[in-house]
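S.K.: Okay, handing you the structure first.
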Amino acid sequence: MPVFNLKVNGKSLSVEADEDTPLLWVLRDHFDLVGTKFGCGIGQCGACTVHADGVATRSCLLQVAVATEMEITTIEGLSEDASHPVQQAWKEIDVPQCGYCQAGQMMSAAAFLKETPNPSRSEIRDAMSGNICRCASYNRIEKAVELAASKLS
Ligand code: FES
Ligand code: FES
């Protein structure tokens, strides 16, 4: 099998894998970065969201061979000590219920706020609509994104 060199959370890492292996499995099974979750495997739930060159990306759909060209950030790399304003806001609002979807939610929120620093409630709703939460924590997510935006401004 070929070897791929990746840049993940600022570190250079290598993996031997088939070229069409989803980045999600490389992160979880080879690099032990298990904060990124498997939900649907078909790009529909957002649980697997990471940043690829700063853009919120479904890691279940990104092949490892393509990811080699990109700077990948996972929830473990968003900050060293959970001090990113999105993470702080999530804690203050106490967003998670079971927690399963929340890494993906925070990665989507962080990428969105970089592009849209002062979003309206409807912009937040639109931006976060691709991240499914089976515990229906949507109201708290919206409040947390608003709070994170205020922390970032
Ligand atoms: Fe990737 Fe659902 S696991 S979008
Ligand atoms: Fe349970 Fe979102 S907190 S799925």
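Letters for chains follow the order of the structure tokens (A, B, ...), residue numbers begin at 1 for each chain, and ligand numbers begin at 1 in the order shown.
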Residues contacting ligand 2 - anything with an atom at most 6 Å away, using only C-alpha atoms and all ligand atoms - can you give me those as a PyMOL selection string?

M.R.: chain A and resi 96-102+133-135

S.K.: Can you tell me, as a count of residues only, which residues in chain A count as alpha helix (DSSP H) by DSSP?

M.R.: 57

S.K.: Counting only C-alpha atoms and all ligand atoms, name the residues that have an atom within 10 Å of an atom of ligand 1; the answer should be given as a list in words.

M.R.: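 Listed by chain and ascending number, the contacts are Pro22, Leu24, Thr36, Lys37, Phe38, Gly39, Cys40, Gly41, Ile42, Gly43, Gln44, Cys45, Gly46, Ala47, Cys48, Thr49, Val50, Thr57, Arg58, Ser59, Cys60, Leu61, Leu62, Cys101, Gly104, Gly130, Asn131 and Ile132 of chain A.
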
S.K.: Could the residues in this selection be saved with C-alpha atoms as an mmCIF file, in the first residue's frame?

M.R.:
```
data_model
loop_
_atom_site.group_PDB
_atom_site.id
_atom_site.type_symbol
_atom_site.label_atom_id
_atom_site.label_comp_id
_atom_site.auth_asym_id
_atom_site.auth_seq_id
_atom_site.Cartn_x
_atom_site.Cartn_y
_atom_site.Cartn_z
ATOM 1 C CA PRO A 22 -11.496 8.346 3.926
ATOM 2 C CA LEU A 24 -11.915 10.092 8.869
ATOM 3 C CA THR A 36 -13.744 13.401 14.968
ATOM 4 C CA LYS A 37 -16.794 11.145 14.833
ATOM 5 C CA PHE A 38 -18.369 8.770 12.331
ATOM 6 C CA GLY A 39 -22.060 9.419 11.892
ATOM 7 C CA CYS A 40 -23.398 8.608 8.425
ATOM 8 C CA GLY A 41 -20.313 8.118 6.240
ATOM 9 C CA ILE A 42 -22.035 9.828 3.298
ATOM 10 C CA GLY A 43 -21.572 13.543 3.984
ATOM 11 C CA GLN A 44 -25.026 14.067 5.462
ATOM 12 C CA CYS A 45 -24.578 14.563 9.220
ATOM 13 C CA GLY A 46 -21.472 16.688 9.858
ATOM 14 C CA ALA A 47 -20.186 14.578 12.772
ATOM 15 C CA CYS A 48 -16.879 14.067 10.941
ATOM 16 C CA THR A 49 -16.228 17.775 10.186
ATOM 17 C CA VAL A 50 -12.605 18.920 10.215
ATOM 18 C CA THR A 57 -14.889 19.652 5.369
ATOM 19 C CA ARG A 58 -16.552 16.255 5.785
ATOM 20 C CA SER A 59 -13.655 13.928 6.520
ATOM 21 C CA CYS A 60 -15.777 10.881 5.608
ATOM 22 C CA LEU A 61 -15.760 12.122 1.996
ATOM 23 C CA LEU A 62 -12.158 13.349 1.762
ATOM 24 C CA CYS A 101 -22.110 15.530 17.257
ATOM 25 C CA GLY A 104 -18.309 18.518 14.230
ATOM 26 C CA GLY A 130 -25.655 20.638 7.728
ATOM 27 C CA ASN A 131 -24.672 19.491 11.222
ATOM 28 C CA ILE A 132 -27.276 17.126 12.620
#
```

S.K.: What gap, in Å, lies between CA of Glu80 in chain A and CA of Ala56 in chain A?

M.R.: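 Going from CA of Glu80 in chain A over to CA of Ala56 in chain A covers 19.1 Å.
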
S.K.: Which residues, written as a PyMOL selection string, have at least one atom at most 10 Å from range 114-119 of chain A, with only C-alpha atoms counted and residues fewer than 4 positions away on the same chain left out?

M.R.: chain A and resi 54-55+109-110+123-125+127+145-146+148-150+152-153

S.K.: Mind dumping the selected residues with all heavy atoms as a CSV table (one decimal), in the first residue's frame?

M.R.:
```csv
chain,number,residue,atom,x,y,z
A,54,GLY,N,-8.5,25.3,6.3
A,54,GLY,CA,-9.3,26.3,7.0
A,54,GLY,C,-10.8,26.2,6.6
A,54,GLY,O,-11.6,26.9,7.2
A,55,VAL,N,-11.1,25.3,5.7
A,55,VAL,CA,-12.5,25.2,5.3
A,55,VAL,C,-13.2,24.0,6.0
A,55,VAL,O,-12.6,22.9,6.0
A,55,VAL,CB,-12.6,25.0,3.8
A,55,VAL,CG1,-14.0,24.8,3.3
A,55,VAL,CG2,-12.0,26.2,3.1
A,109,ALA,N,-18.7,25.7,13.3
A,109,ALA,CA,-18.9,27.0,13.8
A,109,ALA,C,-17.6,27.8,13.7
A,109,ALA,O,-17.6,29.0,13.3
A,109,ALA,CB,-19.4,26.9,15.3
A,110,ALA,N,-16.5,27.2,14.0
A,110,ALA,CA,-15.2,27.9,14.0
A,110,ALA,C,-14.9,28.4,12.6
A,110,ALA,O,-14.4,29.6,12.4
A,110,ALA,CB,-14.1,27.1,14.6
A,123,GLU,N,-28.3,33.6,9.5
A,123,GLU,CA,-27.0,33.2,8.9
A,123,GLU,C,-26.4,32.0,9.7
A,123,GLU,O,-25.9,31.0,9.2
A,123,GLU,CB,-26.0,34.3,8.9
A,123,GLU,CG,-26.3,35.3,7.8
A,123,GLU,CD,-25.3,36.5,7.8
A,123,GLU,OE1,-25.1,37.1,8.9
A,123,GLU,OE2,-24.9,37.0,6.7
A,124,ILE,N,-26.5,32.1,11.0
A,124,ILE,CA,-26.0,31.0,11.9
A,124,ILE,C,-26.8,29.7,11.6
A,124,ILE,O,-26.2,28.7,11.4
A,124,ILE,CB,-26.1,31.4,13.4
A,124,ILE,CG1,-25.2,32.5,13.7
A,124,ILE,CG2,-25.8,30.2,14.3
A,124,ILE,CD1,-25.4,33.1,15.1
A,125,ARG,N,-28.1,29.9,11.5
A,125,ARG,CA,-29.0,28.7,11.3
A,125,ARG,C,-28.6,28.0,10.0
A,125,ARG,O,-28.5,26.8,9.9
A,125,ARG,CB,-30.4,29.1,11.3
A,125,ARG,CG,-31.4,28.0,11.6
A,125,ARG,CD,-32.7,28.6,12.0
A,125,ARG,NE,-32.7,29.2,13.4
A,125,ARG,CZ,-33.7,29.9,13.9
A,125,ARG,NH1,-34.8,30.0,13.2
A,125,ARG,NH2,-33.6,30.3,15.1
A,127,ALA,N,-25.7,28.3,8.3
A,127,ALA,CA,-24.4,27.8,8.3
A,127,ALA,C,-24.3,26.5,9.0
A,127,ALA,O,-23.5,25.6,8.7
A,127,ALA,CB,-23.4,28.8,8.9
A,145,VAL,N,-23.0,29.9,19.2
A,145,VAL,CA,-22.3,30.6,18.0
A,145,VAL,C,-22.4,32.1,18.2
A,145,VAL,O,-21.4,32.8,18.0
A,145,VAL,CB,-22.9,30.1,16.7
A,145,VAL,CG1,-22.2,30.8,15.5
A,145,VAL,CG2,-22.7,28.6,16.5
A,146,GLU,N,-23.5,32.6,18.7
A,146,GLU,CA,-23.6,34.0,18.9
A,146,GLU,C,-22.6,34.5,20.0
A,146,GLU,O,-22.0,35.5,19.8
A,146,GLU,CB,-25.1,34.4,19.3
A,146,GLU,CG,-26.0,34.5,18.2
A,146,GLU,CD,-27.4,34.9,18.7
A,146,GLU,OE1,-27.8,34.6,19.8
A,146,GLU,OE2,-28.2,35.4,17.9
A,148,ALA,N,-19.8,33.0,20.8
A,148,ALA,CA,-18.5,32.9,20.3
A,148,ALA,C,-18.2,34.1,19.4
A,148,ALA,O,-17.1,34.6,19.4
A,148,ALA,CB,-18.3,31.6,19.5
A,149,ALA,N,-19.2,34.5,18.6
A,149,ALA,CA,-19.0,35.7,17.7
A,149,ALA,C,-18.6,36.9,18.5
A,149,ALA,O,-17.8,37.7,18.2
A,149,ALA,CB,-20.2,35.9,16.8
A,150,SER,N,-19.4,37.1,19.7
A,150,SER,CA,-19.1,38.2,20.5
A,150,SER,C,-17.7,38.2,21.1
A,150,SER,O,-17.0,39.2,21.3
A,150,SER,CB,-20.2,38.4,21.5
A,150,SER,OG,-20.1,37.4,22.5
A,152,LEU,N,-15.1,36.8,19.8
A,152,LEU,CA,-14.1,37.0,18.7
A,152,LEU,C,-14.1,38.4,18.2
A,152,LEU,O,-13.1,38.8,17.6
A,152,LEU,CB,-14.5,36.1,17.5
A,152,LEU,CG,-14.1,34.6,17.7
A,152,LEU,CD1,-14.9,33.7,16.8
A,152,LEU,CD2,-12.6,34.4,17.5
A,153,SER,N,-15.2,39.2,18.5
A,153,SER,CA,-15.2,40.6,17.9
A,153,SER,C,-14.5,41.6,18.8
A,153,SER,O,-14.2,41.3,20.0
A,153,SER,CB,-16.6,41.0,17.6
A,153,SER,OG,-17.3,41.0,18.8
```

S.K.: Enter the distance from CA of Ile72 in chain A to CA of His84 in chain A, in Å, rounded to one decimal.

M.R.: 16.7 Å

S.K.: Which is closest to Thr73 in chain A among A:Thr21, A:Asn139, A:Ser108, A:Ser120, if we use only C-alpha atoms?

M.R.: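 Among A:Thr21, A:Asn139, A:Ser108, A:Ser120, it is A:Ser108 that comes nearest to Thr73 in chain A.
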
S.K.: Neighbouring residues of Glu69 in chain A were defined as those with any atom within 9 Å, considering only C-alpha atoms; residues of the same chain fewer than 3 positions away were excluded. Please report them as a PyMOL selection string.

M.R.: chain A and resi 5-7+65-66

S.K.: Do you have the CA of Leu113 in chain A-CA of Ser129 in chain A distance handy?

M.R.: 14.5 Å

S.K.: Please identify all polymer residues within 9 Å of Gly35 in chain A, counting only C-alpha atoms, omitting same-chain residues fewer than 2 positions from it, and present them as a PyMOL selection string.

M.R.: chain A and resi 28+32-33+37+48+74-76+103-104

S.K.: Mind listing the strand (DSSP E) residues of range 43-77 of chain A, per DSSP on the backbone, as a list in words?

M.R.: Thr49, Val50, His51, Ala52, Val55, Ala56, Thr57, Arg58, Glu71, Ile72 and Thr73 of chain A

S.K.: Could you pull the residues within 7 Å of Ala17 in chain A, counting only C-alpha atoms, minus those fewer than 5 positions along the same chain, as a ChimeraX atom specification?

M.R.: /A:1-3

S.K.: From the set A:Val8, A:Met128, A:Ala82, A:Val64, which residue has the shortest atom-to-atom contact distance to Val26 in chain A, counting only C-alpha atoms?

M.R.: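 Nearest to Val26 in chain A: A:Val64.
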
S.K.: Would you mind listing what lies within 10 Å of Asp94 in chain A as a ChimeraX atom specification, with only C-alpha atoms counted and same-chain residues fewer than 2 positions away left out?

M.R.: /A:88-92,96-97,137,140-141,144

S.K.: Selection from above, C-alpha atoms, as a PDB file, in the first residue's frame, can you write it?

M.R.:
```
ATOM      1  CA  GLN A  88     -15.399  28.515  25.589  1.00  0.00           C
ATOM      2  CA  ALA A  89     -18.863  29.502  24.364  1.00  0.00           C
ATOM      3  CA  TRP A  90     -19.897  25.834  24.122  1.00  0.00           C
ATOM      4  CA  LYS A  91     -18.875  25.351  27.757  1.00  0.00           C
ATOM      5  CA  GLU A  92     -20.560  28.517  28.994  1.00  0.00           C
ATOM      6  CA  PRO A  96     -23.820  19.151  24.590  1.00  0.00           C
ATOM      7  CA  GLN A  97     -26.299  16.506  25.590  1.00  0.00           C
ATOM      8  CA  SER A 137     -29.413  20.901  20.929  1.00  0.00           C
ATOM      9  CA  ARG A 140     -28.097  26.072  22.477  1.00  0.00           C
ATOM     10  CA  ILE A 141     -25.818  25.717  19.430  1.00  0.00           C
ATOM     11  CA  ALA A 144     -23.199  29.444  21.562  1.00  0.00           C
TER      12      ALA A 144
END
```
